[in-house]
Amino acid sequence: MRFSEAWLRELVNPPISTQELVDQLTMAGLEVDSVEPAAAEFSGVVVGEVWSIQAHPNADKLRICQVAVGAVEPLQIVCGASNARVGLRAPTALVGAVLPGGFKIKKSRLRGEISLGMLCSEKELGLATDADGLMELPETAPVGDDIRQYLALNDAILELDLTPNRADCLSIEGVAREVAVLNKLDWSAPAGSDCEITHQQTLAVNIAAPQFCPRYLGRLLKGVDNTAETPMWMQERLRRSGLRSLGPLVDVTNYVLLEMGQPLHAFDAEKLTGSITVRMAAANEQLHLLNDQSVELDEQILVIADDQKPLALAGIMGGGDTAVTDSTRDVFLECAFFTPEAIMGKARRLGLHTDSSHRFERGVDPFLQQRALQRATRLILEIAGGSAGPITEAVIPDNLPRRQPVVLRKQRIHKILGVAIDDGEVQDLLQRLGMTVRSEENSWSVTAPGFRFDIAIEADLIEEIGRIHGYDNLPQSELQMRTRLGQAPEAQVPLDRCKDLLVDRGYQEAVTYSFVDQAMQRAIAPEDRYIALQNPISTDLSVMRTTLWCGLLQAAVRNTNRQQSRIRLFESGLRFLRSDNGIDQENMLAGLILGSLHDEQWAEPLRQVDFFDLKADVQALLALSAGKVKFRAARHPALHPGQSAEIISSDGTRMGWLGMMHPNLEKQLGFDSPVFLFELVQENLLKKPIPQFRAPSKFPSLRRDLALIVDESVLAEDVVACIDACQEQAVRQVLVFDVYRGKGIEAGCKSLALGLVLQDDSHTLTESEIDAIINRVLEGLFNNINAKLRD
């Protein structure tokens, strides 16, 4: 919500500075996100009028203008703007003026002709980012007046970052009400008054969906001139609120929206057929919108329609076929109350977000429509002329929101806020907020006004009292509570321990959204059953992630786009899978690496990370739980088919994946170096067997090395597992220290070099015992995996 401070102070003007106003609003819960000047800094610019124009003798695109600036004689100014003409009034920078950016205007010669100033556009004054020509001022602009004074540019623009529950402050009147309450000033919304009714023509209006639109008003305005110029004061207020002028009819509806918080819409009456009906759309109905987008409707969308076709998306956007144009002479001006339930999610579902939908989704005062329509009518007649017909209203009283009284207990205020507030102050405060207050014994019965959709329970009222009384005025006290030491299960590895290990290995923790882009989700895990959001924040956050890789890869892309070539990221969080029983949630720990293994240094050359660097990090994590796992080659849609593995826990369940990202996905995301990923199920990762003490043997250990010939498909871990299965108590450790393929090894085979560490707890092993153990191990290897001792 952007607005001009000067506009606000026309409604309520407390004796405080801009900064005090900003602090006051923020502490009252209406956070001021930014404060900026209404115009860039400049000086020496006045209102000028072009008296005469003649061609430049030495340039086809330049003209010599005689410009009156309030002095005795006009100034000669050379100008190249296409809209320069006799009688035009425009901002004129005099010699010595300083424009935005420190640009100084000096007496100069342009192609041989003297120029004593400059005629300015909005862009040159810092009022717009672009401009097609000179800034055209009204014919009534006083020649010679300082342009800053004329346009009231010594103003500040405030932008509020409102929470969804404060829709009542999405208007100047709403903010003025808050400022008045905070400063204990008398203020009330202007009373509505209608204009003179000069014709009796009407359009019938009907409500076919009263649960979503219990009130709809409209009136015919005839003989309007949409080519009339919107007054400069209104254009400036719109500009400072982030809107540009689009003609008097659209400008007035936008102005009333900002002023009162009530959306309106103007239809070209000549393009309407029959009566107006508020109804649900039919399946597959088509509507061409004002933004040139065509949408297909369904039975869940509320529309405004005539007897032949839908005209507008109710509370969201009007249709292009019935839009007002410069040739429009008769207008049907509508104003309605749509329930939040009717609008919520509909605009976003269609890829739209408008000022109207933003307000209706949060709640508009259901009793504001008559006054807003009257205000818009008066402004249109003043600016564009024409005549007004009577207001036609359709209302279903039983469907209008009713505010139920809320009981506010006096002792509850003290208990929650920790401060005793005088009964008179409480009652005065609530009444200034527009609430109806009835005193009862030890309590009040409070009924919220129509514009406050967020007041439903006693705690809401206490919150209002606290923020208006002032959070700074509430006492500070320390919480007193008994604490108990929690249990630290020995069979559980703390998640923070895993995070610390990754940080020690050079990773940085990331926190990404649980909502991800649907295309990204499909690219990474096309076989997962994901959950699509009915009301997504945006189209790129439309589904819930089934893997943490979605967010991590997007974070990595953003980092690489910012010239970060060495990236180590990890994240812990939930993934969400659709199942037959609903939604399954599972805590995961995921990470990625890319770039060089180490930062550039003198001791060793740079080397890019590879699969085994990532595997070492994962093994370090798994070592914390001391559980035995297997890495088994397997295919994953997001991983390279030759460099991916699933991680199998000791009980045979899959506990995660690791590998290099698939080349196609790498190219799709725009990476220029390989990316390596891992993801682990936290439940399996954090389980740890309870350590058991084992006294070290006092007898010496010894080592025997074996070179085995095995089939190429046999993994080293299969060999180790086979030796473990022999259950030789004296074999304390198996080390794999070499792999060889080549001369002397049969094709399709490889040589594995193992080291067996042998030790007994009761005596020193003899040669015969050692030979017997080795023979039994070799026999087991031969019988199970056809491993033979290399010659």
# chains A, B, ... in the order shown; residues from 1 in each chain; ligands from 1
>>> residues_around(residues="segment 508-511 of chain A", least_positions_apart="6", cutoff="8 Å", atoms="only C-alpha atoms", output="JSON list (two decimals) with N, CA and C atoms, in the first residue's frame")
[["chain", "number", "residue", "atom", "x", "y", "z"],
["A", 499, "LYS", "N", 24.98, -31.78, 11.25],
["A", 499, "LYS", "CA", 25.16, -30.48, 10.61],
["A", 499, "LYS", "C", 26.55, -29.93, 10.89],
["A", 502, "LEU", "N", 29.12, -31.53, 8.67],
["A", 502, "LEU", "CA", 29.12, -31.02, 7.31],
["A", 502, "LEU", "C", 29.74, -29.62, 7.24],
["A", 552, "LEU", "N", 17.83, -27.01, -3.26],
["A", 552, "LEU", "CA", 19.29, -26.89, -3.25],
["A", 552, "LEU", "C", 19.84, -26.57, -4.63],
["A", 568, "ARG", "N", 29.30, -25.60, -1.64],
["A", 568, "ARG", "CA", 29.00, -26.74, -0.76],
["A", 568, "ARG", "C", 27.75, -26.36, 0.02],
["A", 569, "LEU", "N", 26.62, -27.01, -0.24],
["A", 569, "LEU", "CA", 25.36, -26.68, 0.43],
["A", 569, "LEU", "C", 24.73, -27.94, 1.00],
["A", 570, "PHE", "N", 24.05, -27.79, 2.14],
["A", 570, "PHE", "CA", 23.24, -28.89, 2.67],
["A", 570, "PHE", "C", 21.98, -28.31, 3.29],
["A", 571, "GLU", "N", 20.98, -29.15, 3.42],
["A", 571, "GLU", "CA", 19.70, -28.73, 4.01],
["A", 571, "GLU", "C", 19.05, -29.91, 4.70],
["A", 572, "SER", "N", 18.40, -29.64, 5.82],
["A", 572, "SER", "CA", 17.58, -30.65, 6.49],
["A", 572, "SER", "C", 16.15, -30.16, 6.47]]
>>> residues_around(residues="Val86 of chain A", least_positions_apart="5", cutoff="9 Å", atoms="only C-alpha atoms", output="count of residues only")
6
>>> atom_distance(atom1="atom CA of Asp268 of chain A", atom2="atom CA of Arg329 of chain A")
7.8 Å
>>> select_by_dssp(residues="segment 512-663 of chain A", states="helix (DSSP H, G or I)", output="PDB file with N, CA and C atoms, in the first residue's frame")
ATOM      1  N   GLN A 518       6.842 -26.723 -10.443  1.00  0.00           N
ATOM      2  CA  GLN A 518       6.363 -28.026 -10.919  1.00  0.00           C
ATOM      3  C   GLN A 518       7.301 -28.617 -11.967  1.00  0.00           C
ATOM      4  N   ALA A 519       7.818 -27.779 -12.850  1.00  0.00           N
ATOM      5  CA  ALA A 519       8.728 -28.284 -13.892  1.00  0.00           C
ATOM      6  C   ALA A 519      10.007 -28.823 -13.269  1.00  0.00           C
ATOM      7  N   MET A 520      10.524 -28.140 -12.246  1.00  0.00           N
ATOM      8  CA  MET A 520      11.726 -28.612 -11.553  1.00  0.00           C
ATOM      9  C   MET A 520      11.453 -29.944 -10.856  1.00  0.00           C
ATOM     10  N   GLN A 521      10.318 -30.048 -10.199  1.00  0.00           N
ATOM     11  CA  GLN A 521       9.958 -31.285  -9.502  1.00  0.00           C
ATOM     12  C   GLN A 521       9.872 -32.452 -10.487  1.00  0.00           C
ATOM     13  N   ARG A 522       9.245 -32.228 -11.614  1.00  0.00           N
ATOM     14  CA  ARG A 522       9.105 -33.297 -12.609  1.00  0.00           C
ATOM     15  C   ARG A 522      10.444 -33.692 -13.206  1.00  0.00           C
ATOM     16  N   ALA A 523      11.332 -32.724 -13.383  1.00  0.00           N
ATOM     17  CA  ALA A 523      12.638 -33.021 -13.975  1.00  0.00           C
ATOM     18  C   ALA A 523      13.494 -33.852 -13.037  1.00  0.00           C
ATOM     19  N   ILE A 524      13.399 -33.601 -11.733  1.00  0.00           N
ATOM     20  CA  ILE A 524      14.260 -34.283 -10.768  1.00  0.00           C
ATOM     21  C   ILE A 524      13.681 -35.626 -10.343  1.00  0.00           C
ATOM     22  N   THR A 539       3.411 -19.168  -9.508  1.00  0.00           N
ATOM     23  CA  THR A 539       3.468 -20.343 -10.372  1.00  0.00           C
ATOM     24  C   THR A 539       4.750 -21.139 -10.179  1.00  0.00           C
ATOM     25  N   ASP A 540       5.832 -20.489  -9.724  1.00  0.00           N
ATOM     26  CA  ASP A 540       7.077 -21.235  -9.519  1.00  0.00           C
ATOM     27  C   ASP A 540       7.170 -21.819  -8.118  1.00  0.00           C
ATOM     28  N   LEU A 541       6.079 -21.726  -7.338  1.00  0.00           N
ATOM     29  CA  LEU A 541       6.006 -22.366  -6.023  1.00  0.00           C
ATOM     30  C   LEU A 541       4.663 -23.085  -5.918  1.00  0.00           C
ATOM     31  N   TRP A 549      16.468 -31.801  -3.134  1.00  0.00           N
ATOM     32  CA  TRP A 549      17.342 -31.391  -4.231  1.00  0.00           C
ATOM     33  C   TRP A 549      16.757 -30.214  -5.013  1.00  0.00           C
ATOM     34  N   CYS A 550      15.419 -30.101  -5.083  1.00  0.00           N
ATOM     35  CA  CYS A 550      14.790 -29.013  -5.859  1.00  0.00           C
ATOM     36  C   CYS A 550      15.280 -27.654  -5.371  1.00  0.00           C
ATOM     37  N   GLY A 551      15.159 -27.414  -4.074  1.00  0.00           N
ATOM     38  CA  GLY A 551      15.573 -26.131  -3.524  1.00  0.00           C
ATOM     39  C   GLY A 551      17.072 -25.935  -3.543  1.00  0.00           C
ATOM     40  N   LEU A 552      17.829 -27.006  -3.261  1.00  0.00           N
ATOM     41  CA  LEU A 552      19.288 -26.890  -3.247  1.00  0.00           C
ATOM     42  C   LEU A 552      19.841 -26.567  -4.631  1.00  0.00           C
ATOM     43  N   LEU A 553      19.286 -27.188  -5.668  1.00  0.00           N
ATOM     44  CA  LEU A 553      19.768 -26.912  -7.015  1.00  0.00           C
ATOM     45  C   LEU A 553      19.445 -25.482  -7.439  1.00  0.00           C
ATOM     46  N   GLN A 554      18.269 -24.982  -7.061  1.00  0.00           N
ATOM     47  CA  GLN A 554      17.942 -23.594  -7.381  1.00  0.00           C
ATOM     48  C   GLN A 554      18.876 -22.645  -6.655  1.00  0.00           C
ATOM     49  N   ALA A 555      19.216 -22.967  -5.401  1.00  0.00           N
ATOM     50  CA  ALA A 555      20.164 -22.144  -4.656  1.00  0.00           C
ATOM     51  C   ALA A 555      21.541 -22.179  -5.310  1.00  0.00           C
ATOM     52  N   ALA A 556      21.945 -23.348  -5.780  1.00  0.00           N
ATOM     53  CA  ALA A 556      23.237 -23.469  -6.451  1.00  0.00           C
ATOM     54  C   ALA A 556      23.256 -22.679  -7.750  1.00  0.00           C
ATOM     55  N   VAL A 557      22.154 -22.698  -8.498  1.00  0.00           N
ATOM     56  CA  VAL A 557      22.062 -21.922  -9.739  1.00  0.00           C
ATOM     57  C   VAL A 557      22.239 -20.437  -9.444  1.00  0.00           C
ATOM     58  N   ARG A 558      21.546 -19.952  -8.415  1.00  0.00           N
ATOM     59  CA  ARG A 558      21.662 -18.528  -8.067  1.00  0.00           C
ATOM     60  C   ARG A 558      23.090 -18.181  -7.664  1.00  0.00           C
ATOM     61  N   ASN A 559      23.753 -19.079  -6.970  1.00  0.00           N
ATOM     62  CA  ASN A 559      25.133 -18.811  -6.559  1.00  0.00           C
ATOM     63  C   ASN A 559      26.090 -18.815  -7.747  1.00  0.00           C
ATOM     64  N   THR A 560      25.933 -19.774  -8.640  1.00  0.00           N
ATOM     65  CA  THR A 560      26.812 -19.807  -9.812  1.00  0.00           C
ATOM     66  C   THR A 560      26.573 -18.599 -10.716  1.00  0.00           C
ATOM     67  N   ASN A 561      25.333 -18.124 -10.769  1.00  0.00           N
ATOM     68  CA  ASN A 561      25.048 -16.925 -11.560  1.00  0.00           C
ATOM     69  C   ASN A 561      25.696 -15.682 -10.963  1.00  0.00           C
ATOM     70  N   PHE A 611      32.919 -38.077  -7.715  1.00  0.00           N
ATOM     71  CA  PHE A 611      31.969 -38.935  -6.993  1.00  0.00           C
ATOM     72  C   PHE A 611      32.523 -39.361  -5.641  1.00  0.00           C
ATOM     73  N   PHE A 612      33.793 -39.700  -5.586  1.00  0.00           N
ATOM     74  CA  PHE A 612      34.360 -40.250  -4.363  1.00  0.00           C
ATOM     75  C   PHE A 612      34.582 -39.173  -3.294  1.00  0.00           C
ATOM     76  N   ASP A 613      34.720 -37.916  -3.711  1.00  0.00           N
ATOM     77  CA  ASP A 613      34.774 -36.841  -2.715  1.00  0.00           C
ATOM     78  C   ASP A 613      33.440 -36.735  -1.989  1.00  0.00           C
ATOM     79  N   LEU A 614      32.355 -36.809  -2.753  1.00  0.00           N
ATOM     80  CA  LEU A 614      31.034 -36.766  -2.126  1.00  0.00           C
ATOM     81  C   LEU A 614      30.811 -38.009  -1.269  1.00  0.00           C
ATOM     82  N   LYS A 615      31.235 -39.161  -1.775  1.00  0.00           N
ATOM     83  CA  LYS A 615      31.050 -40.403  -1.020  1.00  0.00           C
ATOM     84  C   LYS A 615      31.795 -40.344   0.311  1.00  0.00           C
ATOM     85  N   ALA A 616      32.974 -39.709   0.314  1.00  0.00           N
ATOM     86  CA  ALA A 616      33.729 -39.582   1.563  1.00  0.00           C
ATOM     87  C   ALA A 616      32.954 -38.744   2.577  1.00  0.00           C
ATOM     88  N   ASP A 617      32.298 -37.670   2.108  1.00  0.00           N
ATOM     89  CA  ASP A 617      31.485 -36.848   3.017  1.00  0.00           C
ATOM     90  C   ASP A 617      30.321 -37.649   3.571  1.00  0.00           C
ATOM     91  N   VAL A 618      29.669 -38.417   2.710  1.00  0.00           N
ATOM     92  CA  VAL A 618      28.529 -39.226   3.159  1.00  0.00           C
ATOM     93  C   VAL A 618      28.988 -40.303   4.134  1.00  0.00           C
ATOM     94  N   GLN A 619      30.118 -40.945   3.852  1.00  0.00           N
ATOM     95  CA  GLN A 619      30.638 -41.964   4.766  1.00  0.00           C
ATOM     96  C   GLN A 619      30.998 -41.357   6.121  1.00  0.00           C
ATOM     97  N   ALA A 620      31.491 -40.127   6.122  1.00  0.00           N
ATOM     98  CA  ALA A 620      31.784 -39.459   7.395  1.00  0.00           C
ATOM     99  C   ALA A 620      30.502 -39.255   8.187  1.00  0.00           C
ATOM    100  N   LEU A 621      29.413 -38.905   7.487  1.00  0.00           N
ATOM    101  CA  LEU A 621      28.119 -38.769   8.169  1.00  0.00           C
ATOM    102  C   LEU A 621      27.663 -40.111   8.734  1.00  0.00           C
ATOM    103  N   LEU A 622      27.750 -41.138   7.906  1.00  0.00           N
ATOM    104  CA  LEU A 622      27.288 -42.460   8.330  1.00  0.00           C
ATOM    105  C   LEU A 622      28.139 -43.016   9.460  1.00  0.00           C
ATOM    106  N   ALA A 623      29.401 -42.589   9.533  1.00  0.00           N
ATOM    107  CA  ALA A 623      30.275 -43.077  10.602  1.00  0.00           C
ATOM    108  C   ALA A 623      29.819 -42.599  11.977  1.00  0.00           C
ATOM    109  N   LEU A 624      29.053 -41.505  12.002  1.00  0.00           N
ATOM    110  CA  LEU A 624      28.557 -41.008  13.300  1.00  0.00           C
ATOM    111  C   LEU A 624      27.610 -41.998  13.947  1.00  0.00           C
ATOM    112  N   SER A 625      26.844 -42.697  13.115  1.00  0.00           N
ATOM    113  CA  SER A 625      25.894 -43.668  13.667  1.00  0.00           C
ATOM    114  C   SER A 625      26.495 -45.058  13.774  1.00  0.00           C
ATOM    115  N   PRO A 663      23.597 -35.450 -16.930  1.00  0.00           N
ATOM    116  CA  PRO A 663      24.060 -34.402 -17.864  1.00  0.00           C
ATOM    117  C   PRO A 663      22.923 -33.591 -18.478  1.00  0.00           C
TER     118      PRO A 663
END
>>> select_by_dssp(residues="segment 707-766 of chain A", states="strand (DSSP E or B)", output="tab-separated table (two decimals) with N, CA, C and O atoms, in the first residue's frame")
chain	number	residue	atom	x	y	z
A	707	ALA	N	45.77	-61.52	-2.49
A	707	ALA	CA	45.39	-60.98	-3.80
A	707	ALA	C	44.40	-61.95	-4.41
A	707	ALA	O	44.74	-63.10	-4.68
A	708	LEU	N	43.16	-61.49	-4.64
A	708	LEU	CA	42.09	-62.36	-5.11
A	708	LEU	C	41.69	-61.99	-6.52
A	708	LEU	O	41.62	-60.80	-6.88
A	709	ILE	N	41.40	-63.00	-7.33
A	709	ILE	CA	40.85	-62.80	-8.66
A	709	ILE	C	39.33	-62.99	-8.55
A	709	ILE	O	38.87	-64.06	-8.14
A	710	VAL	N	38.59	-61.94	-8.90
A	710	VAL	CA	37.12	-62.02	-8.84
A	710	VAL	C	36.55	-61.50	-10.14
A	710	VAL	O	37.22	-60.84	-10.94
A	711	ASP	N	35.29	-61.82	-10.35
A	711	ASP	CA	34.59	-61.33	-11.53
A	711	ASP	C	34.46	-59.81	-11.46
A	711	ASP	O	34.35	-59.23	-10.37
A	731	VAL	N	39.51	-62.70	12.89
A	731	VAL	CA	39.64	-61.66	11.86
A	731	VAL	C	39.04	-60.36	12.41
A	731	VAL	O	37.83	-60.22	12.51
A	732	ARG	N	39.90	-59.44	12.80
A	732	ARG	CA	39.45	-58.19	13.42
A	732	ARG	C	39.17	-57.09	12.40
A	732	ARG	O	38.39	-56.20	12.63
A	733	GLN	N	39.83	-57.11	11.26
A	733	GLN	CA	39.67	-56.02	10.29
A	733	GLN	C	40.04	-56.52	8.91
A	733	GLN	O	40.95	-57.33	8.75
A	734	VAL	N	39.29	-56.02	7.90
A	734	VAL	CA	39.56	-56.33	6.50
A	734	VAL	C	39.81	-55.02	5.78
A	734	VAL	O	38.97	-54.12	5.79
A	735	LEU	N	40.98	-54.91	5.15
A	735	LEU	CA	41.36	-53.68	4.45
A	735	LEU	C	41.47	-53.96	2.96
A	735	LEU	O	42.14	-54.91	2.56
A	736	VAL	N	40.80	-53.15	2.14
A	736	VAL	CA	40.94	-53.24	0.68
A	736	VAL	C	41.90	-52.12	0.27
A	736	VAL	O	41.60	-50.94	0.44
A	737	PHE	N	43.08	-52.50	-0.25
A	737	PHE	CA	44.07	-51.45	-0.51
A	737	PHE	C	44.54	-51.39	-1.97
A	737	PHE	O	45.33	-50.52	-2.32
A	738	ASP	N	43.99	-52.27	-2.83
A	738	ASP	CA	44.40	-52.15	-4.23
A	738	ASP	C	43.43	-52.88	-5.12
A	738	ASP	O	42.79	-53.85	-4.73
A	739	VAL	N	43.28	-52.37	-6.36
A	739	VAL	CA	42.49	-53.02	-7.40
A	739	VAL	C	43.34	-52.98	-8.66
A	739	VAL	O	43.91	-51.94	-8.98
A	740	TYR	N	43.38	-54.09	-9.37
A	740	TYR	CA	44.26	-54.15	-10.56
A	740	TYR	C	43.52	-54.84	-11.68
A	740	TYR	O	42.88	-55.87	-11.50
A	749	CYS	N	37.70	-59.95	-15.47
A	749	CYS	CA	38.03	-60.15	-14.07
A	749	CYS	C	38.89	-58.99	-13.56
A	749	CYS	O	39.37	-58.16	-14.34
A	750	LYS	N	39.11	-58.97	-12.27
A	750	LYS	CA	39.97	-57.95	-11.65
A	750	LYS	C	40.64	-58.57	-10.44
A	750	LYS	O	40.19	-59.61	-9.91
A	751	SER	N	41.72	-57.93	-10.01
A	751	SER	CA	42.45	-58.41	-8.83
A	751	SER	C	42.22	-57.43	-7.69
A	751	SER	O	42.42	-56.22	-7.82
A	752	LEU	N	41.75	-57.97	-6.56
A	752	LEU	CA	41.56	-57.17	-5.35
A	752	LEU	C	42.62	-57.56	-4.33
A	752	LEU	O	42.79	-58.75	-4.04
A	753	ALA	N	43.31	-56.56	-3.78
A	753	ALA	CA	44.31	-56.82	-2.74
A	753	ALA	C	43.69	-56.48	-1.39
A	753	ALA	O	43.20	-55.37	-1.18
A	754	LEU	N	43.69	-57.49	-0.49
A	754	LEU	CA	43.09	-57.33	0.84
A	754	LEU	C	44.14	-57.51	1.91
A	754	LEU	O	45.09	-58.29	1.77
A	755	GLY	N	43.93	-56.83	3.01
A	755	GLY	CA	44.75	-57.05	4.19
A	755	GLY	C	43.87	-57.54	5.32
A	755	GLY	O	42.90	-56.86	5.70
A	756	LEU	N	44.15	-58.73	5.89
A	756	LEU	CA	43.39	-59.28	7.01
A	756	LEU	C	44.21	-59.10	8.29
A	756	LEU	O	45.35	-59.58	8.37
A	757	VAL	N	43.62	-58.40	9.25
A	757	VAL	CA	44.26	-58.21	10.55
A	757	VAL	C	43.71	-59.28	11.50
A	757	VAL	O	42.49	-59.35	11.73
A	758	LEU	N	44.59	-60.13	12.04
A	758	LEU	CA	44.20	-61.26	12.88
A	758	LEU	C	44.69	-61.04	14.30
A	758	LEU	O	45.82	-60.59	14.53
>>> atom_distance(atom1="atom CA of Ala634 of chain A", atom2="atom CA of Ala532 of chain A")
28.5 Å
>>> residues_around(residues="segment 452-469 of chain A", least_positions_apart="5", cutoff="6 Å", atoms="only C-alpha atoms", output="PyMOL selection string")
chain A and resi 28+165+408
>>> residues_around(residues="Leu430 of chain A", least_positions_apart="4", cutoff="10 Å", atoms="only C-alpha atoms", output="compact mmCIF listing (two decimals) with all heavy atoms, in the first residue's frame")
# COMPACT_ATOMS: atom_id res chain seq x y z
N VAL A 181 -6.70 7.54 15.67
CA VAL A 181 -6.82 6.81 16.94
C VAL A 181 -5.51 6.88 17.72
O VAL A 181 -5.51 7.12 18.93
CB VAL A 181 -7.21 5.34 16.67
CG1 VAL A 181 -7.17 4.53 17.96
CG2 VAL A 181 -8.60 5.27 16.05
N GLU A 425 -10.45 4.68 29.12
CA GLU A 425 -9.53 4.64 28.00
C GLU A 425 -9.82 3.46 27.09
O GLU A 425 -9.78 3.58 25.86
CB GLU A 425 -8.08 4.56 28.50
CG GLU A 425 -7.05 4.53 27.38
CD GLU A 425 -5.62 4.39 27.87
OE1 GLU A 425 -5.39 4.51 29.08
OE2 GLU A 425 -4.73 4.14 27.03
N VAL A 426 -10.14 2.31 27.69
CA VAL A 426 -10.46 1.12 26.89
C VAL A 426 -11.68 1.39 26.03
O VAL A 426 -11.69 1.11 24.82
CB VAL A 426 -10.70 -0.09 27.80
CG1 VAL A 426 -11.24 -1.27 26.99
CG2 VAL A 426 -9.42 -0.49 28.50
N GLY A 434 -14.03 2.39 15.67
CA GLY A 434 -15.26 2.13 14.94
C GLY A 434 -16.12 1.04 15.52
O GLY A 434 -17.10 0.62 14.89
N MET A 435 -15.78 0.57 16.72
CA MET A 435 -16.53 -0.53 17.32
C MET A 435 -17.68 -0.01 18.19
O MET A 435 -17.61 1.08 18.77
CB MET A 435 -15.59 -1.41 18.15
CG MET A 435 -14.43 -1.94 17.34
SD MET A 435 -13.40 -3.10 18.25
CE MET A 435 -11.99 -3.23 17.15
N THR A 436 -18.71 -0.82 18.26
CA THR A 436 -19.84 -0.53 19.13
C THR A 436 -19.60 -1.18 20.47
O THR A 436 -19.39 -2.41 20.54
CB THR A 436 -21.15 -1.05 18.51
OG1 THR A 436 -21.32 -0.47 17.21
CG2 THR A 436 -22.33 -0.69 19.39
N VAL A 437 -19.60 -0.38 21.55
CA VAL A 437 -19.24 -0.88 22.88
C VAL A 437 -20.41 -0.70 23.81
O VAL A 437 -20.96 0.41 23.94
CB VAL A 437 -18.00 -0.14 23.42
CG1 VAL A 437 -17.58 -0.73 24.76
CG2 VAL A 437 -16.84 -0.22 22.43
N VAL A 446 -18.62 -6.03 22.76
CA VAL A 446 -18.03 -5.24 21.69
C VAL A 446 -18.42 -5.86 20.34
O VAL A 446 -18.23 -7.06 20.13
CB VAL A 446 -16.50 -5.18 21.82
CG1 VAL A 446 -15.91 -4.30 20.72
CG2 VAL A 446 -16.09 -4.66 23.19
N THR A 447 -18.93 -5.01 19.45
CA THR A 447 -19.26 -5.45 18.10
C THR A 447 -18.38 -4.72 17.11
O THR A 447 -18.34 -3.49 17.09
CB THR A 447 -20.74 -5.17 17.76
OG1 THR A 447 -21.57 -5.79 18.75
CG2 THR A 447 -21.09 -5.72 16.39
N ALA A 448 -17.64 -5.47 16.31
CA ALA A 448 -16.70 -4.88 15.35
C ALA A 448 -17.45 -4.28 14.17
O ALA A 448 -18.54 -4.73 13.81
CB ALA A 448 -15.73 -5.95 14.86
N LEU A 461 -9.53 -8.36 20.51
CA LEU A 461 -9.79 -7.06 21.13
C LEU A 461 -8.63 -6.65 22.03
O LEU A 461 -8.23 -5.48 22.06
CB LEU A 461 -11.09 -7.10 21.92
CG LEU A 461 -12.37 -7.31 21.08
CD1 LEU A 461 -13.56 -7.53 21.99
CD2 LEU A 461 -12.61 -6.11 20.17
N GLU A 464 -5.89 -5.30 19.99
CA GLU A 464 -6.15 -3.92 19.57
C GLU A 464 -5.81 -2.94 20.69
O GLU A 464 -5.20 -1.90 20.47
CB GLU A 464 -7.61 -3.78 19.16
CG GLU A 464 -8.00 -4.51 17.91
CD GLU A 464 -7.26 -3.97 16.70
OE1 GLU A 464 -7.49 -2.82 16.31
OE2 GLU A 464 -6.41 -4.71 16.15
N ILE A 465 -6.21 -3.28 21.91
CA ILE A 465 -5.92 -2.40 23.05
C ILE A 465 -4.42 -2.29 23.26
O ILE A 465 -3.89 -1.19 23.47
CB ILE A 465 -6.61 -2.96 24.32
CG1 ILE A 465 -8.13 -2.90 24.16
CG2 ILE A 465 -6.17 -2.17 25.56
CD1 ILE A 465 -8.88 -3.65 25.23
N ILE A 468 -2.72 -0.08 20.38
CA ILE A 468 -3.06 1.34 20.43
C ILE A 468 -2.53 1.97 21.71
O ILE A 468 -2.03 3.11 21.70
CB ILE A 468 -4.58 1.54 20.30
CG1 ILE A 468 -5.10 0.96 18.97
CG2 ILE A 468 -4.93 3.02 20.39
CD1 ILE A 468 -4.49 1.57 17.74
>>> residues_around(residues="segment 296-301 of chain A", least_positions_apart="2", cutoff="10 Å", atoms="only C-alpha atoms", output="number ranges by chain")
A: 279-288, 294, 303, 310, 313-314, 342-343, 346-347, 350
